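Colleague: Structure file entry.txt (compact mmCIF, C-alpha atoms) is given on the next line.
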```txt
# COMPACT_ATOMS: atom_id res chain seq x y z
CA MET A 683 0.00 0.00 0.00
CA THR A 684 1.35 3.44 -0.87
CA LYS A 685 1.76 5.89 1.98
CA PRO A 686 0.19 9.34 2.01
CA ILE A 687 2.81 11.97 1.22
CA ALA A 688 2.35 13.66 4.62
CA THR A 689 4.24 10.85 6.36
CA THR A 690 7.41 11.56 4.41
CA ARG A 691 7.91 15.27 4.87
CA SER A 692 7.96 17.63 7.80
CA ALA A 693 8.88 21.30 8.16
CA THR A 694 10.42 20.59 11.59
CA GLY A 695 12.62 17.73 10.41
CA ILE A 696 10.73 15.40 12.74
CA PRO A 697 8.77 12.52 11.17
CA THR A 698 5.08 13.49 11.04
CA GLY A 699 3.81 10.63 13.21
CA LYS A 700 6.35 11.36 15.93
CA LEU A 701 5.59 15.09 15.77
CA ALA A 702 1.89 14.30 16.22
CA VAL A 703 2.61 12.18 19.30
CA TRP A 704 4.70 14.98 20.81
CA TRP A 705 1.78 17.36 20.30
CA VAL A 706 -0.54 14.85 21.95
CA VAL A 707 1.88 14.83 24.89
CA GLY A 708 1.90 18.64 24.88
CA SER A 709 -1.89 18.81 25.06
CA GLU A 710 -1.92 16.14 27.75
CA ILE A 711 0.43 18.30 29.85
CA VAL A 712 -2.26 20.98 29.88
CA ILE A 713 -5.02 18.46 30.72
CA PHE A 714 -3.19 16.74 33.59
CA GLY A 715 -1.36 19.91 34.58
CA GLY A 716 -4.61 21.81 34.97
CA LEU A 717 -6.09 19.00 37.03
CA LEU A 718 -3.05 18.66 39.29
CA ALA A 719 -2.68 22.44 39.67
CA SER A 720 -6.34 22.60 40.77
CA TYR A 721 -5.72 19.78 43.23
CA ILE A 722 -2.65 21.48 44.71
CA MET A 723 -4.39 24.83 45.22
CA HIS A 724 -7.42 23.17 46.87
CA ARG A 725 -5.19 20.99 49.04
CA LEU A 726 -3.25 24.04 50.25
CA GLY A 727 -6.46 26.01 50.83
CA HIS A 728 -8.28 23.28 52.74
CA PRO A 729 -6.50 22.10 55.93
CA GLU A 730 -9.17 19.43 56.50
CA TRP A 731 -8.00 17.55 53.38
CA ALA A 732 -4.85 16.36 55.22
CA GLU A 733 -6.96 13.97 57.27
CA TYR A 734 -8.83 12.73 54.19
CA ALA A 735 -5.52 12.11 52.38
CA SER A 736 -4.19 10.09 55.32
CA HIS A 737 -6.54 7.24 54.31
CA THR A 738 -4.84 6.52 50.97
CA ASN A 739 -2.50 3.54 51.02
CA PRO A 740 1.08 4.38 49.88
CA TRP A 741 1.93 0.70 49.43
CA PHE A 742 -0.67 0.36 46.66
CA GLY A 743 0.63 3.58 45.09
CA GLY A 744 4.24 2.46 45.50
CA ALA A 745 3.54 -0.95 43.95
CA ASN A 746 1.85 0.71 40.98
CA THR A 747 4.78 3.13 40.57
CA PHE A 748 7.15 0.14 40.46
CA ILE A 749 4.91 -1.56 37.87
CA LEU A 750 4.75 1.51 35.61
CA LEU A 751 8.49 2.22 35.87
CA THR A 752 9.20 -1.39 34.91
CA SER A 753 6.74 -1.25 32.01
CA SER A 754 8.49 1.93 30.83
CA LEU A 755 11.76 -0.04 30.80
CA PHE A 756 10.05 -2.69 28.65
CA ALA A 757 8.76 0.03 26.27
CA VAL A 758 12.22 1.51 25.77
CA LEU A 759 13.68 -1.98 25.24
CA ALA A 760 10.99 -2.54 22.57
CA HIS A 761 12.13 0.69 20.91
CA HIS A 762 15.75 -0.48 21.11
CA ALA A 763 14.84 -3.78 19.43
CA ALA A 764 12.79 -1.98 16.74
CA GLU A 765 15.80 0.22 15.95
CA GLN A 766 17.82 -2.94 15.32
CA GLY A 767 15.05 -4.04 12.93
CA ASP A 768 14.07 -6.90 15.26
CA GLY A 769 10.27 -6.73 15.09
CA LYS A 770 9.69 -10.02 16.91
CA THR A 771 11.68 -8.97 19.98
CA ALA A 772 10.08 -5.52 19.91
CA ALA A 773 6.64 -7.17 19.89
CA LYS A 774 7.58 -9.30 22.91
CA TRP A 775 8.68 -6.26 24.91
CA LEU A 776 5.51 -4.41 23.89
CA VAL A 777 3.34 -7.28 25.10
CA GLY A 778 5.32 -7.15 28.37
CA THR A 779 4.63 -3.42 28.60
CA ALA A 780 0.91 -3.97 28.05
CA ALA A 781 0.98 -6.71 30.71
CA GLY A 782 2.45 -4.11 33.08
CA GLY A 783 -0.42 -1.77 32.26
CA PHE A 784 -2.95 -4.55 32.85
CA THR A 785 -1.34 -5.36 36.23
CA PHE A 786 -1.48 -1.67 37.14
CA ILE A 787 -5.24 -1.62 36.45
CA CYS A 788 -5.76 -4.82 38.50
CA VAL A 789 -3.93 -3.31 41.50
CA LYS A 790 -6.02 -0.14 41.13
CA ALA A 791 -9.24 -2.17 40.99
CA VAL A 792 -8.37 -3.89 44.28
CA GLU A 793 -7.33 -0.60 45.88
CA TRP A 794 -10.49 1.23 44.81
CA SER A 795 -12.72 -1.67 45.90
CA ILE A 796 -11.24 -1.48 49.41
CA GLU A 797 -11.60 2.30 49.56
CA ILE A 798 -15.16 2.33 48.25
CA SER A 799 -16.16 -0.42 50.69
CA HIS A 800 -14.91 1.86 53.50
CA GLY A 801 -17.14 4.69 52.31
CA TYR A 802 -14.47 6.71 50.49
CA THR A 803 -16.49 7.30 47.33
CA ILE A 804 -16.16 10.01 44.68
CA THR A 805 -18.93 12.01 46.40
CA ALA A 806 -17.53 11.69 49.97
CA ASN A 807 -15.73 15.07 49.80
CA GLY A 808 -13.57 17.26 47.57
CA PHE A 809 -10.39 15.27 48.20
CA TRP A 810 -11.89 11.96 47.11
CA SER A 811 -13.48 13.66 44.07
CA PHE A 812 -10.03 14.78 42.93
CA TYR A 813 -8.52 11.42 43.86
CA TYR A 814 -10.90 9.38 41.69
CA THR A 815 -10.97 11.94 38.85
CA ALA A 816 -7.17 12.26 38.54
CA ALA A 817 -6.40 8.56 39.03
CA GLY A 818 -9.41 7.62 36.86
CA ILE A 819 -8.38 9.78 33.88
CA HIS A 820 -4.86 8.41 34.26
CA ALA A 821 -6.22 4.83 34.32
CA VAL A 822 -8.17 5.51 31.09
CA HIS A 823 -4.87 6.56 29.49
CA VAL A 824 -3.25 3.32 30.70
CA ILE A 825 -6.08 1.23 29.21
CA ALA A 826 -5.95 3.14 25.88
CA GLY A 827 -2.16 2.74 25.79
CA CYS A 828 -2.40 -1.02 26.37
CA ILE A 829 -4.90 -1.46 23.50
CA ILE A 830 -2.81 0.62 21.06
CA MET A 831 0.34 -1.19 22.20
CA LEU A 832 -1.10 -4.62 21.43
CA ILE A 833 -2.21 -3.46 17.96
CA ILE A 834 1.30 -2.12 17.27
CA ALA A 835 2.88 -5.31 18.69
CA ASN A 836 0.83 -7.35 16.24
CA ASP A 837 2.26 -5.36 13.31
CA ALA A 838 5.78 -5.30 14.75
CA ARG A 839 5.72 -9.10 15.08
CA LYS A 840 5.37 -9.23 11.28
CA GLY A 841 8.11 -6.63 10.85
CA LYS A 842 5.63 -3.94 9.76
CA GLU A 843 5.50 -0.24 10.81
CA LEU A 844 8.38 -0.56 13.28
CA GLN A 845 8.59 3.25 13.66
CA ARG A 846 5.33 3.08 15.61
CA VAL A 847 7.07 1.21 18.44
CA GLU A 848 8.88 4.43 19.34
CA LEU A 849 5.66 6.47 19.06
CA ILE A 850 3.67 4.36 21.54
CA GLY A 851 6.76 4.36 23.77
CA ILE A 852 6.76 8.18 23.95
CA TYR A 853 3.08 8.14 24.93
CA TRP A 854 3.65 5.40 27.52
CA HIS A 855 6.58 7.18 29.17
CA PHE A 856 4.42 10.29 29.46
CA VAL A 857 1.69 8.27 31.20
CA ASP A 858 4.45 7.02 33.53
CA ILE A 859 5.59 10.60 34.25
CA VAL A 860 2.03 11.67 35.12
CA TRP A 861 1.88 8.85 37.67
CA ILE A 862 5.30 9.87 39.05
CA PHE A 863 3.64 13.16 40.08
CA LEU A 864 0.28 11.69 41.10
CA PHE A 865 2.02 9.30 43.50
CA PRO A 866 3.48 11.89 45.92
CA LEU A 867 0.45 14.16 45.58
CA LEU A 868 -2.17 11.53 46.44
CA TYR A 869 -0.23 9.01 48.54
CA ILE A 870 2.83 10.60 50.15
CA ALA A 871 1.94 14.17 51.15
CA LYS A 872 -0.21 13.46 54.22
CA MET B 876 13.27 6.65 14.03
CA ALA B 877 16.03 8.40 15.87
CA GLU B 878 18.89 7.73 13.51
CA HIS B 879 20.91 10.44 15.26
CA GLN B 880 20.52 8.65 18.57
CA GLU B 881 23.46 7.42 20.60
CA ASP B 882 23.74 3.66 20.66
CA HIS B 883 22.50 2.87 24.17
CA GLY B 884 22.52 -0.84 24.91
CA GLN B 885 19.97 -2.69 27.03
CA ALA B 886 22.30 -2.46 30.06
CA TYR B 887 22.13 1.34 29.93
CA TYR B 888 18.31 1.34 30.14
CA VAL B 889 18.35 -1.23 32.94
CA LYS B 890 20.76 1.03 34.83
CA ILE B 891 18.38 4.01 34.48
CA TRP B 892 15.50 1.77 35.67
CA ALA B 893 17.55 0.68 38.72
CA ILE B 894 18.23 4.34 39.60
CA LEU B 895 14.48 5.05 39.28
CA LEU B 896 13.71 2.20 41.70
CA VAL B 897 16.22 3.50 44.26
CA LEU B 898 14.59 6.93 43.99
CA LEU B 899 11.13 5.36 44.40
CA ILE B 900 12.21 3.64 47.62
CA ALA B 901 13.71 6.92 48.89
CA SER B 902 10.47 8.78 48.10
CA ILE B 903 8.46 6.27 50.15
CA LEU B 904 10.89 6.03 53.08
CA GLY B 905 11.68 9.77 53.21
CA PRO B 906 8.36 10.94 54.69
CA ILE B 907 8.25 7.92 57.05
CA LEU B 908 11.74 8.62 58.40
CA ALA B 909 11.41 12.43 58.22
CA PRO B 910 10.52 12.94 61.92
CA HIS B 911 13.69 11.05 62.93
CA LEU B 912 15.96 12.89 60.50
CA GLU B 913 15.30 16.42 61.71
CA PHE B 914 18.39 18.41 62.63
CA GLY B 915 19.15 22.10 62.76
CA PHE B 916 16.92 24.11 60.46
CA LEU B 917 15.90 20.97 58.57
CA GLU B 918 12.36 20.17 59.71
CA ALA B 919 10.29 17.07 58.94
CA TRP B 920 8.02 18.80 56.41
CA MET B 921 11.07 20.00 54.44
CA ILE B 922 12.41 16.44 54.25
CA THR B 923 8.98 15.19 53.12
CA LEU B 924 8.80 17.91 50.46
CA MET B 925 12.29 17.13 49.17
CA THR B 926 11.93 13.35 49.17
CA ALA B 927 8.39 13.28 47.76
CA PHE B 928 8.33 16.10 45.21
CA GLY B 929 12.04 16.75 44.66
CA ILE B 930 12.57 13.09 43.82
CA ALA B 931 9.46 13.10 41.57
CA VAL B 932 11.03 15.88 39.50
CA VAL B 933 14.31 13.93 39.22
CA LYS B 934 12.45 10.74 38.23
CA ALA B 935 10.42 12.60 35.60
CA TYR B 936 13.63 14.14 34.21
CA LEU B 937 15.32 10.71 33.99
CA VAL B 938 12.34 9.17 32.18
CA ALA B 939 11.90 12.15 29.81
CA SER B 940 15.56 12.43 28.86
CA ASN B 941 16.59 8.77 28.78
CA PHE B 942 13.43 6.82 27.91
CA MET B 943 11.63 9.44 25.78
CA HIS B 944 15.04 10.52 24.41
CA LEU B 945 14.20 14.18 24.87
CA ASN B 946 17.93 14.84 25.40
CA ILE B 947 18.62 14.03 21.73
CA GLU B 948 15.29 15.16 20.28
CA LYS B 949 15.07 18.39 18.27
CA ARG B 950 14.97 21.47 20.52
CA TYR B 951 11.60 22.42 19.02
CA ILE B 952 9.95 19.66 21.09
CA THR B 953 11.53 20.81 24.36
CA TYR B 954 10.37 24.38 23.68
CA MET B 955 6.84 23.20 22.88
CA LEU B 956 6.60 21.13 26.08
CA ALA B 957 8.09 23.99 28.13
CA THR B 958 5.42 26.31 26.69
CA MET B 959 2.70 23.92 27.87
CA LEU B 960 4.23 23.79 31.36
CA THR B 961 4.37 27.59 31.41
CA LEU B 962 0.67 27.78 30.50
CA MET B 963 -0.03 25.46 33.43
CA LEU B 964 1.92 27.70 35.81
CA LEU B 965 0.08 30.74 34.42
CA PHE B 966 -3.24 29.03 35.16
CA PHE B 967 -2.08 28.24 38.71
CA ALA B 968 -0.89 31.80 39.34
CA GLY B 969 -4.15 33.25 38.06
CA VAL B 970 -6.57 30.98 39.90
CA ALA B 971 -4.74 29.94 43.08
CA PRO B 972 -5.27 33.20 45.03
CA ASP B 973 -9.05 32.80 44.75
CA VAL B 974 -8.97 29.15 45.81
CA MET B 975 -6.28 29.17 48.49
CA GLU B 976 -7.63 32.28 50.21
CA HIS B 977 -11.21 32.33 51.46
CA LYS B 978 -11.65 36.06 51.82
CA GLY B 979 -10.28 39.22 50.24
CA GLN B 980 -10.89 42.95 50.33
CA ASN B 981 -14.36 42.84 48.81
CA TRP B 982 -15.29 39.19 48.86
CA GLU B 983 -15.67 36.20 51.14
CA ASN B 984 -16.09 32.53 50.27
CA VAL B 985 -18.59 31.73 53.01
CA ALA B 986 -19.26 28.18 51.79
CA ALA B 987 -15.55 27.21 51.86
CA GLU B 988 -15.03 28.70 55.32
CA ALA B 989 -18.12 26.91 56.67
CA GLU B 990 -17.01 23.58 55.18
CA ILE B 991 -13.50 23.88 56.67
CA GLU B 992 -14.95 24.73 60.09
CA ARG B 993 -17.46 21.88 59.92
CA ALA B 994 -14.95 19.29 58.72
CA LEU B 995 -12.22 20.22 61.23
CA ALA B 996 -14.75 20.12 64.10
CA ALA B 997 -16.00 16.71 62.92
CA GLN B 998 -12.44 15.40 62.65
CA ALA B 999 -11.60 16.67 66.16
CA GLN B 1000 -14.72 14.98 67.52
CA GLU B 1001 -13.86 11.78 65.67
CA ALA B 1002 -10.34 11.82 67.10
CA GLN B 1003 -11.74 12.39 70.61
CA GLU B 1004 -14.19 9.48 70.24
CA GLY B 1005 -11.40 7.28 68.91
CA HIS B 1006 -9.27 8.22 71.89
CA ASP B 1007 -12.15 7.48 74.31
CA GLU B 1008 -12.72 4.09 72.71
CA HIS B 1009 -8.98 3.23 73.04
CA GLY B 1010 -8.20 3.55 69.37
CA GLY B 1011 -11.13 1.64 67.84
CA GLU B 1012 -11.24 1.68 64.05
CA HIS B 1013 -13.24 4.39 62.29
CA ASP B 1014 -13.38 3.95 58.58
CA ASP B 1015 -16.30 6.13 57.53
CA ALA B 1016 -15.38 8.86 55.07
CA GLU B 1017 -18.12 11.15 56.36
CA HIS B 1018 -16.80 12.59 59.62
```
Starting from the file, lay out its structure as structure tokens.
Modeller:
Amino acid sequence: MTKPIATTRSATGIPTGKLAVWWVVGSEIVIFGGLLASYIMHRLGHPEWAEYASHTNPWFGGANTFILLTSSLFAVLAHHAAEQGDGKTAAKWLVGTAAGGFTFICVKAVEWSIEISHGYTITANGFWSFYYTAAGIHAVHVIAGCIIMLIIANDARKGKELQRVELIGIYWHFVDIVWIFLFPLLYIAK
Amino acid sequence: MAEHQEDHGQAYYVKIWAILLVLLIASILGPILAPHLEFGFLEAWMITLMTAFGIAVVKAYLVASNFMHLNIEKRYITYMLATMLTLMLLFFAGVAPDVMEHKGQNWENVAAEAEIERALAAQAQEAQEGHDEHGGEHDDAEH
């Protein structure tokens, strides 16, 4: 199949697909940044939130940070393999990355179930509203990333569109960075 | 793909990952150990701030530069991302005074003040009841 001409030229010197992913990341900075900035200003303006925040479990958050950092390692190893032209190995690392994302969601499901069963629901108070909104939007990004990753892994396995391995990697590392900031904000600062 | 990229082997990425894990452990242990590490002007909250948020910034930098390869990407991308971060800071600077303060020269956020007063009183009562009951568990979110 012939490619559209837009994939082969770019005023910036950056391949078009990669440039698009960077702009997605840029717009995501504003989305998550706005949300986290709102959280920080409310947290600082409401002394009663300290007690609410003391009920989050840092061990769940810490375990999920470990999982995402490890999956980021897998994503960059997939990129490394794709650069060597080794689509099969890249696909394996991508499947490993997606497995990390799936594990992250499982841990979150257990964590949320426990919290909700204790009455800490999204309507309990402002802190828990932010908690579920921020972590929930992040979790949606993890799920979307896993789905895209598996589609790209399927192509990479056949040696097709290997440049996309790097593109999903950039997105995945960004999702990791968002969690790196969510972790201290929601779990550590009590 | 990044044809201009340095040839980092797998061992290099594993090394970055190991550093990230050490930083993760420090960010969890820091706030726990903070009360025992106070000396001189260094208070517990400063240690918590440094270990929780300072380390988060370092971790984000390591991931962005080494895993996303921002260190060898065209400068245009760094400038674009920095612009987005600046917009976020602008938003914070513009809105924060109205959210973090609950009254000004010609205005007062009565609802926020009432909620803070109500919640703090409820938490104090909860703590007192917990103390009276010799530390029984209280898991309700509504205090």
Colleague: Please report the interatomic distance between atom CA of B:Asn946 and atom CA of B:Gln885 in Å with one decimal.
Modeller: 17.7 Å
Colleague: Skip stretch 927-941 of chain B itself and residues of its chain fewer than 6 positions away, then list as a short mmCIF file (atom, residue, chain, number, x, y, z; two decimals) with C-alpha atoms, keeping the file's coordinate frame all residues within 8 Å of it, counting all atoms listed in the file.
Modeller:
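So the final result, stored in selection-v2.cif, reads:
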```cif
data_model
loop_
_atom_site.label_atom_id
_atom_site.label_comp_id
_atom_site.auth_asym_id
_atom_site.auth_seq_id
_atom_site.Cartn_x
_atom_site.Cartn_y
_atom_site.Cartn_z
CA HIS A 855 6.58 7.18 29.17
CA PHE A 856 4.42 10.29 29.46
CA ILE A 859 5.59 10.60 34.25
CA ILE A 862 5.30 9.87 39.05
CA PHE A 863 3.64 13.16 40.08
CA PRO A 866 3.48 11.89 45.92
CA ILE A 870 2.83 10.60 50.15
CA ALA A 871 1.94 14.17 51.15
CA TYR B 888 18.31 1.34 30.14
CA ILE B 891 18.38 4.01 34.48
CA LEU B 895 14.48 5.05 39.28
CA LEU B 898 14.59 6.93 43.99
CA LEU B 899 11.13 5.36 44.40
CA SER B 902 10.47 8.78 48.10
CA ILE B 903 8.46 6.27 50.15
CA GLY B 905 11.68 9.77 53.21
CA PRO B 906 8.36 10.94 54.69
CA ILE B 947 18.62 14.03 21.73
#
```
Colleague: Could you check the closest approach to A:Ile798 for each of A:Thr698, A:Thr785, A:Thr771, A:Thr738 and tell me which residue wins, using all atoms listed in the file?
Modeller: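 Closest to A:Ile798 of all the choices is A:Thr738.
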Colleague: Using only C-alpha atoms, find the one residue out of A:Leu701, A:Glu843, A:Trp794, A:Leu759 that sits nearest to B:Tyr951.
Modeller: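 Closest to B:Tyr951, using only C-alpha atoms: A:Leu701.
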Colleague: Could you tell me how far atom CA of A:Phe714 sits from atom CA of A:Met831, in Å to one decimal place?
Modeller: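 Distance reported for this atom pair: 21.5 Å.
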Colleague: Would you tabulate, counting all atoms listed in the file, all residues of stretch 778-835 of chain A that have an atom at most 12 Å from an atom of stretch 975-999 of chain B, showing the closest pair of atoms and their distance in Å to one decimal, sorted by chain then ascending number, as JSON lines?
Modeller:
```
{"residue": "A:Ala806", "atom": "CA", "partner": "B:Ala994", "partner_atom": "CA", "distance": 11.9}
{"residue": "A:Asn807", "atom": "CA", "partner": "B:Ala994", "partner_atom": "CA", "distance": 9.9}
{"residue": "A:Gly808", "atom": "CA", "partner": "B:Glu990", "partner_atom": "CA", "distance": 10.5}
```
Colleague: If you count all atoms listed in the file, which residues fall within 10 Å of A:Ser720, apart from same-chain ones fewer than 3 positions away, as a list in words?
Modeller: Phe714, Gly715, Gly716, Leu717, Met723, His724, Arg725 and Phe812 of chain A; Phe966, Phe967, Val970, Ala971 and Val974 of chain B
Colleague: Within 8 Å of (-5.4, -3.6, 49.2) in the file's own coordinates, which protein, DNA or RNA residues have an atom, counting only C-alpha atoms? List them as an MDAnalysis selection string.
Modeller: chainID A and resid 739 742 789 792:793 796
Colleague: My list of candidates is A:Leu726, A:Val707, A:Ala745, A:Leu849. Which is closest to B:Thr953 when distances are computed with all atoms listed in the file?
Modeller: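 Of A:Leu726, A:Val707, A:Ala745, A:Leu849, the one nearest B:Thr953 is A:Val707, counting all atoms listed in the file.
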Colleague: Which is closest to chain A among B:Pro972, B:Gly915, B:Gly1005, B:Pro910, if we use only C-alpha atoms?
Modeller: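 Smallest distance to chain A is found for B:Pro972.
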Colleague: Please compute the atom CA of A:Ala817-atom CA of A:Ala780 distance, one decimal, in Å.
Modeller: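 Between these atoms lies a distance of 18.2 Å.
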Colleague: Point out the residue among B:Ala1002, B:Leu965, B:Ala957, B:Thr926 with the least atom-to-atom distance to B:Ile900, counting all atoms listed in the file.
Modeller: B:Thr926
Colleague: So, with only C-alpha atoms as the atoms that count, which of A:Val758, A:Ile787, A:Ala732, A:Ile749 lies closest to chain B?
Modeller: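 Smallest distance to chain B is found for A:Val758.
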Colleague: Write out as a ChimeraX atom specification which residues come within 12 Å of A:Ile829 when counting all atoms listed in the file, dropping same-chain ones fewer than 6 positions away.
Modeller: /A:776-777,779-781,783-784,822-823,835-836,850,854
